[in-house]
$ cat query11.cif   # mmCIF, C-alpha atoms
data_protein
loop_
_atom_site.group_PDB
_atom_site.id
_atom_site.type_symbol
_atom_site.label_atom_id
_atom_site.label_comp_id
_atom_site.auth_asym_id
_atom_site.auth_seq_id
_atom_site.Cartn_x
_atom_site.Cartn_y
_atom_site.Cartn_z
ATOM 1 C CA SER A 11 0.000 0.000 0.000
ATOM 2 C CA ALA A 12 0.994 3.614 -0.298
ATOM 3 C CA TYR A 13 1.206 3.973 3.488
ATOM 4 C CA TYR A 14 3.632 1.067 3.704
ATOM 5 C CA SER A 15 5.802 2.501 0.923
ATOM 6 C CA LEU A 16 5.843 5.922 2.586
ATOM 7 C CA GLY A 17 6.712 4.283 5.884
ATOM 8 C CA LEU A 18 9.700 2.559 4.303
ATOM 9 C CA VAL A 19 10.902 5.785 2.690
ATOM 10 C CA ASN A 20 10.562 7.766 5.911
ATOM 11 C CA SER A 21 12.288 5.023 7.870
ATOM 12 C CA LYS A 22 15.238 5.056 5.468
ATOM 13 C CA LEU A 23 15.414 8.846 5.742
ATOM 14 C CA GLY A 24 15.442 8.668 9.532
ATOM 15 C CA ASN A 25 11.955 10.177 9.851
ATOM 16 C CA TYR A 26 10.932 7.495 12.322
ATOM 17 C CA GLN A 27 7.900 9.240 13.821
ATOM 18 C CA GLN A 28 6.387 9.677 10.358
ATOM 19 C CA ALA A 29 7.222 6.042 9.580
ATOM 20 C CA ILE A 30 5.484 4.998 12.814
ATOM 21 C CA ASP A 31 2.363 6.896 11.777
ATOM 22 C CA GLN A 32 2.352 5.290 8.331
ATOM 23 C CA PHE A 33 2.995 1.721 9.492
ATOM 24 C CA THR A 34 0.303 2.202 12.149
ATOM 25 C CA GLU A 35 -2.140 3.215 9.426
ATOM 26 C CA VAL A 36 -1.345 0.055 7.434
ATOM 27 C CA LEU A 37 -1.956 -2.020 10.557
ATOM 28 C CA ARG A 38 -5.235 -0.225 11.191
ATOM 29 C CA LEU A 39 -6.354 -1.509 7.786
ATOM 30 C CA ASN A 40 -4.703 -4.950 8.122
ATOM 31 C CA SER A 41 -3.604 -5.860 11.644
ATOM 32 C CA GLN A 42 -1.634 -8.893 10.418
ATOM 33 C CA HIS A 43 0.582 -7.149 7.838
ATOM 34 C CA LEU A 44 3.883 -8.646 8.982
ATOM 35 C CA PRO A 45 6.221 -6.258 7.141
ATOM 36 C CA SER A 46 4.501 -3.306 8.819
ATOM 37 C CA LEU A 47 4.680 -4.943 12.256
ATOM 38 C CA VAL A 48 8.401 -5.553 11.874
ATOM 39 C CA ASN A 49 9.185 -2.128 10.467
ATOM 40 C CA LEU A 50 7.036 -0.511 13.153
ATOM 41 C CA ALA A 51 9.038 -2.361 15.812
ATOM 42 C CA ILE A 52 12.266 -1.128 14.225
ATOM 43 C CA ALA A 53 11.011 2.466 13.997
ATOM 44 C CA TYR A 54 9.943 2.406 17.655
ATOM 45 C CA PHE A 55 13.364 0.987 18.517
ATOM 46 C CA GLN A 56 15.078 3.834 16.656
ATOM 47 C CA GLU A 57 12.914 6.327 18.568
ATOM 48 C CA LYS A 58 13.900 4.600 21.835
ATOM 49 C CA GLN A 59 10.256 3.692 22.479
ATOM 50 C CA TYR A 60 11.284 0.235 23.591
ATOM 51 C CA GLU A 61 8.024 -0.910 25.188
ATOM 52 C CA PHE A 62 6.149 -0.257 21.945
ATOM 53 C CA ALA A 63 8.924 -1.940 19.963
ATOM 54 C CA ILE A 64 8.655 -5.053 22.119
ATOM 55 C CA GLU A 65 4.883 -5.137 21.673
ATOM 56 C CA GLN A 66 5.148 -5.027 17.864
ATOM 57 C CA ALA A 67 7.965 -7.578 17.746
ATOM 58 C CA LYS A 68 5.899 -9.959 19.902
ATOM 59 C CA LYS A 69 2.964 -9.637 17.504
ATOM 60 C CA ALA A 70 5.213 -10.440 14.541
ATOM 61 C CA ILE A 71 6.635 -13.487 16.327
ATOM 62 C CA GLU A 72 3.125 -14.705 17.163
ATOM 63 C CA LEU A 73 2.207 -14.552 13.466
ATOM 64 C CA ASP A 74 5.459 -16.152 12.275
ATOM 65 C CA PRO A 75 7.072 -17.993 15.204
ATOM 66 C CA ASP A 76 9.867 -19.542 13.161
ATOM 67 C CA ASN A 77 11.207 -16.263 11.770
ATOM 68 C CA GLN A 78 14.674 -15.693 13.215
ATOM 69 C CA GLU A 79 14.822 -12.038 12.100
ATOM 70 C CA TYR A 80 11.771 -11.196 14.219
ATOM 71 C CA LYS A 81 13.277 -12.975 17.218
ATOM 72 C CA GLN A 82 16.545 -11.065 16.727
ATOM 73 C CA ILE A 83 14.705 -7.736 16.660
ATOM 74 C CA TYR A 84 12.903 -8.710 19.868
ATOM 75 C CA ASP A 85 16.199 -9.700 21.524
ATOM 76 C CA ASP A 86 17.864 -6.452 20.405
ATOM 77 C CA VAL A 87 15.058 -4.388 21.927
ATOM 78 C CA LEU A 88 15.202 -6.336 25.195
ATOM 79 C CA GLN A 89 18.964 -5.816 25.388
ATOM 80 C CA ALA A 90 18.619 -2.063 24.775
ATOM 81 C CA LEU A 91 15.927 -1.856 27.444
ATOM 82 C CA GLU A 92 18.105 -3.737 29.944
ATOM 83 C CA GLU A 93 21.054 -1.439 29.226
ATOM 84 C CA LEU A 94 18.849 1.601 29.703
ATOM 85 C CA GLU A 95 17.593 0.274 33.032
ATOM 86 C CA GLN A 96 21.167 -0.425 34.188
ATOM 87 C CA GLN A 97 22.208 3.140 33.320
ATOM 88 C CA SER A 98 19.379 4.570 35.402
ATOM 89 C CA GLU A 99 20.328 2.585 38.529
#

$ encode --input "query11.cif" --output "structure tokens"
Amino acid sequence: SAYYSLGLVNSKLGNYQQAIDQFTEVLRLNSQHLPSLVNLAIAYFQEKQYEFAIEQAKKAIELDPDNQEYKQIYDDVLQALEELEQQSE
């Protein structure tokens, strides 16, 4: 869809908040669009919105449990969140 394409472009340009809005719109129309879930997780990760990133990565894993890329994204977000929590102690 056009929203997905715009989300990809904005993500590549570093406009992560705009990408989040566009991927969210795709998911409003089709809640199981895996590429949007994954790219939304990545965009949230880039914006340091780790809780939202984890939520989207979990949804992607639920839809495709054997996908190693989705599991890696989830693990990366968890690691970043743990590091952030350690810094704040």

$ residues_around --input "query11.cif" --residues "stretch 74-79 of chain A" --least-positions-apart "4" --cutoff "12 Å" --atoms "only C-alpha atoms" --output "mmCIF file with C-alpha atoms, in the frame of the given file"
data_model
loop_
_atom_site.group_PDB
_atom_site.id
_atom_site.type_symbol
_atom_site.label_atom_id
_atom_site.label_comp_id
_atom_site.auth_asym_id
_atom_site.auth_seq_id
_atom_site.Cartn_x
_atom_site.Cartn_y
_atom_site.Cartn_z
ATOM 1 C CA GLN A 42 -1.634 -8.893 10.418
ATOM 2 C CA HIS A 43 0.582 -7.149 7.838
ATOM 3 C CA LEU A 44 3.883 -8.646 8.982
ATOM 4 C CA PRO A 45 6.221 -6.258 7.141
ATOM 5 C CA LEU A 47 4.680 -4.943 12.256
ATOM 6 C CA VAL A 48 8.401 -5.553 11.874
ATOM 7 C CA ASN A 49 9.185 -2.128 10.467
ATOM 8 C CA ALA A 51 9.038 -2.361 15.812
ATOM 9 C CA ILE A 52 12.266 -1.128 14.225
ATOM 10 C CA ALA A 67 7.965 -7.578 17.746
ATOM 11 C CA LYS A 68 5.899 -9.959 19.902
ATOM 12 C CA LYS A 69 2.964 -9.637 17.504
ATOM 13 C CA ALA A 70 5.213 -10.440 14.541
ATOM 14 C CA ILE A 83 14.705 -7.736 16.660
ATOM 15 C CA TYR A 84 12.903 -8.710 19.868
ATOM 16 C CA ASP A 85 16.199 -9.700 21.524
ATOM 17 C CA ASP A 86 17.864 -6.452 20.405
#

$ residues_near_point --input "query11.cif" --point "(9.7, -1.7, 24.1)" --cutoff "12 Å" --atoms "all atoms listed in the file" --output "PDB file with C-alpha atoms, in the frame of the given file"
ATOM      1  CA  LEU A  50       7.036  -0.511  13.153  1.00  0.00           C
ATOM      2  CA  ALA A  51       9.038  -2.361  15.812  1.00  0.00           C
ATOM      3  CA  ILE A  52      12.266  -1.128  14.225  1.00  0.00           C
ATOM      4  CA  ALA A  53      11.011   2.466  13.997  1.00  0.00           C
ATOM      5  CA  TYR A  54       9.943   2.406  17.655  1.00  0.00           C
ATOM      6  CA  PHE A  55      13.364   0.987  18.517  1.00  0.00           C
ATOM      7  CA  GLN A  56      15.078   3.834  16.656  1.00  0.00           C
ATOM      8  CA  GLU A  57      12.914   6.327  18.568  1.00  0.00           C
ATOM      9  CA  LYS A  58      13.900   4.600  21.835  1.00  0.00           C
ATOM     10  CA  GLN A  59      10.256   3.692  22.479  1.00  0.00           C
ATOM     11  CA  TYR A  60      11.284   0.235  23.591  1.00  0.00           C
ATOM     12  CA  GLU A  61       8.024  -0.910  25.188  1.00  0.00           C
ATOM     13  CA  PHE A  62       6.149  -0.257  21.945  1.00  0.00           C
ATOM     14  CA  ALA A  63       8.924  -1.940  19.963  1.00  0.00           C
ATOM     15  CA  ILE A  64       8.655  -5.053  22.119  1.00  0.00           C
ATOM     16  CA  GLU A  65       4.883  -5.137  21.673  1.00  0.00           C
ATOM     17  CA  GLN A  66       5.148  -5.027  17.864  1.00  0.00           C
ATOM     18  CA  ALA A  67       7.965  -7.578  17.746  1.00  0.00           C
ATOM     19  CA  LYS A  68       5.899  -9.959  19.902  1.00  0.00           C
ATOM     20  CA  ILE A  83      14.705  -7.736  16.660  1.00  0.00           C
ATOM     21  CA  TYR A  84      12.903  -8.710  19.868  1.00  0.00           C
ATOM     22  CA  ASP A  85      16.199  -9.700  21.524  1.00  0.00           C
ATOM     23  CA  ASP A  86      17.864  -6.452  20.405  1.00  0.00           C
ATOM     24  CA  VAL A  87      15.058  -4.388  21.927  1.00  0.00           C
ATOM     25  CA  LEU A  88      15.202  -6.336  25.195  1.00  0.00           C
ATOM     26  CA  GLN A  89      18.964  -5.816  25.388  1.00  0.00           C
ATOM     27  CA  ALA A  90      18.619  -2.063  24.775  1.00  0.00           C
ATOM     28  CA  LEU A  91      15.927  -1.856  27.444  1.00  0.00           C
ATOM     29  CA  GLU A  92      18.105  -3.737  29.944  1.00  0.00           C
ATOM     30  CA  LEU A  94      18.849   1.601  29.703  1.00  0.00           C
TER      31      LEU A  94
END

$ resolve_selection --input "query11.cif" --expression "the PyMOL selection byres ((chain A and resi 28) around 12)" --output "list in words"
Tyr13, Tyr14, Ser15, Leu16, Gly17, Leu18, Val19, Asn20, Ser21, Lys22, Leu23, Gly24, Asn25, Tyr26, Gln27, Ala29, Ile30, Asp31, Gln32, Phe33, Thr34, Glu35, Leu50, Ala53, Tyr54 and Glu57 of chain A

$ atom_distance --input "query11.cif" --atom1 "atom CA of A:Leu39" --atom2 "atom CA of A:Gln82"
26.4 Å

$ closest_residue --input "query11.cif" --among "A:Glu93, A:Ser11, A:Ser98, A:Lys81" --to "A:Leu37" --atoms "all atoms listed in the file"
A:Ser11

$ decode --input "query11.cif" --residues "chain A" --atoms "C-alpha atoms" --output "tab-separated table (two decimals), in the first residue's frame"
chain	number	residue	atom	x	y	z
A	11	SER	CA	0.00	0.00	0.00
A	12	ALA	CA	0.99	3.61	-0.30
A	13	TYR	CA	1.21	3.97	3.49
A	14	TYR	CA	3.63	1.07	3.70
A	15	SER	CA	5.80	2.50	0.92
A	16	LEU	CA	5.84	5.92	2.59
A	17	GLY	CA	6.71	4.28	5.88
A	18	LEU	CA	9.70	2.56	4.30
A	19	VAL	CA	10.90	5.78	2.69
A	20	ASN	CA	10.56	7.77	5.91
A	21	SER	CA	12.29	5.02	7.87
A	22	LYS	CA	15.24	5.06	5.47
A	23	LEU	CA	15.41	8.85	5.74
A	24	GLY	CA	15.44	8.67	9.53
A	25	ASN	CA	11.96	10.18	9.85
A	26	TYR	CA	10.93	7.49	12.32
A	27	GLN	CA	7.90	9.24	13.82
A	28	GLN	CA	6.39	9.68	10.36
A	29	ALA	CA	7.22	6.04	9.58
A	30	ILE	CA	5.48	5.00	12.81
A	31	ASP	CA	2.36	6.90	11.78
A	32	GLN	CA	2.35	5.29	8.33
A	33	PHE	CA	2.99	1.72	9.49
A	34	THR	CA	0.30	2.20	12.15
A	35	GLU	CA	-2.14	3.22	9.43
A	36	VAL	CA	-1.35	0.05	7.43
A	37	LEU	CA	-1.96	-2.02	10.56
A	38	ARG	CA	-5.24	-0.23	11.19
A	39	LEU	CA	-6.35	-1.51	7.79
A	40	ASN	CA	-4.70	-4.95	8.12
A	41	SER	CA	-3.60	-5.86	11.64
A	42	GLN	CA	-1.63	-8.89	10.42
A	43	HIS	CA	0.58	-7.15	7.84
A	44	LEU	CA	3.88	-8.65	8.98
A	45	PRO	CA	6.22	-6.26	7.14
A	46	SER	CA	4.50	-3.31	8.82
A	47	LEU	CA	4.68	-4.94	12.26
A	48	VAL	CA	8.40	-5.55	11.87
A	49	ASN	CA	9.19	-2.13	10.47
A	50	LEU	CA	7.04	-0.51	13.15
A	51	ALA	CA	9.04	-2.36	15.81
A	52	ILE	CA	12.27	-1.13	14.23
A	53	ALA	CA	11.01	2.47	14.00
A	54	TYR	CA	9.94	2.41	17.65
A	55	PHE	CA	13.36	0.99	18.52
A	56	GLN	CA	15.08	3.83	16.66
A	57	GLU	CA	12.91	6.33	18.57
A	58	LYS	CA	13.90	4.60	21.84
A	59	GLN	CA	10.26	3.69	22.48
A	60	TYR	CA	11.28	0.24	23.59
A	61	GLU	CA	8.02	-0.91	25.19
A	62	PHE	CA	6.15	-0.26	21.94
A	63	ALA	CA	8.92	-1.94	19.96
A	64	ILE	CA	8.66	-5.05	22.12
A	65	GLU	CA	4.88	-5.14	21.67
A	66	GLN	CA	5.15	-5.03	17.86
A	67	ALA	CA	7.97	-7.58	17.75
A	68	LYS	CA	5.90	-9.96	19.90
A	69	LYS	CA	2.96	-9.64	17.50
A	70	ALA	CA	5.21	-10.44	14.54
A	71	ILE	CA	6.63	-13.49	16.33
A	72	GLU	CA	3.13	-14.71	17.16
A	73	LEU	CA	2.21	-14.55	13.47
A	74	ASP	CA	5.46	-16.15	12.27
A	75	PRO	CA	7.07	-17.99	15.20
A	76	ASP	CA	9.87	-19.54	13.16
A	77	ASN	CA	11.21	-16.26	11.77
A	78	GLN	CA	14.67	-15.69	13.22
A	79	GLU	CA	14.82	-12.04	12.10
A	80	TYR	CA	11.77	-11.20	14.22
A	81	LYS	CA	13.28	-12.98	17.22
A	82	GLN	CA	16.54	-11.06	16.73
A	83	ILE	CA	14.70	-7.74	16.66
A	84	TYR	CA	12.90	-8.71	19.87
A	85	ASP	CA	16.20	-9.70	21.52
A	86	ASP	CA	17.86	-6.45	20.40
A	87	VAL	CA	15.06	-4.39	21.93
A	88	LEU	CA	15.20	-6.34	25.20
A	89	GLN	CA	18.96	-5.82	25.39
A	90	ALA	CA	18.62	-2.06	24.78
A	91	LEU	CA	15.93	-1.86	27.44
A	92	GLU	CA	18.10	-3.74	29.94
A	93	GLU	CA	21.05	-1.44	29.23
A	94	LEU	CA	18.85	1.60	29.70
A	95	GLU	CA	17.59	0.27	33.03
A	96	GLN	CA	21.17	-0.43	34.19
A	97	GLN	CA	22.21	3.14	33.32
A	98	SER	CA	19.38	4.57	35.40
A	99	GLU	CA	20.33	2.58	38.53
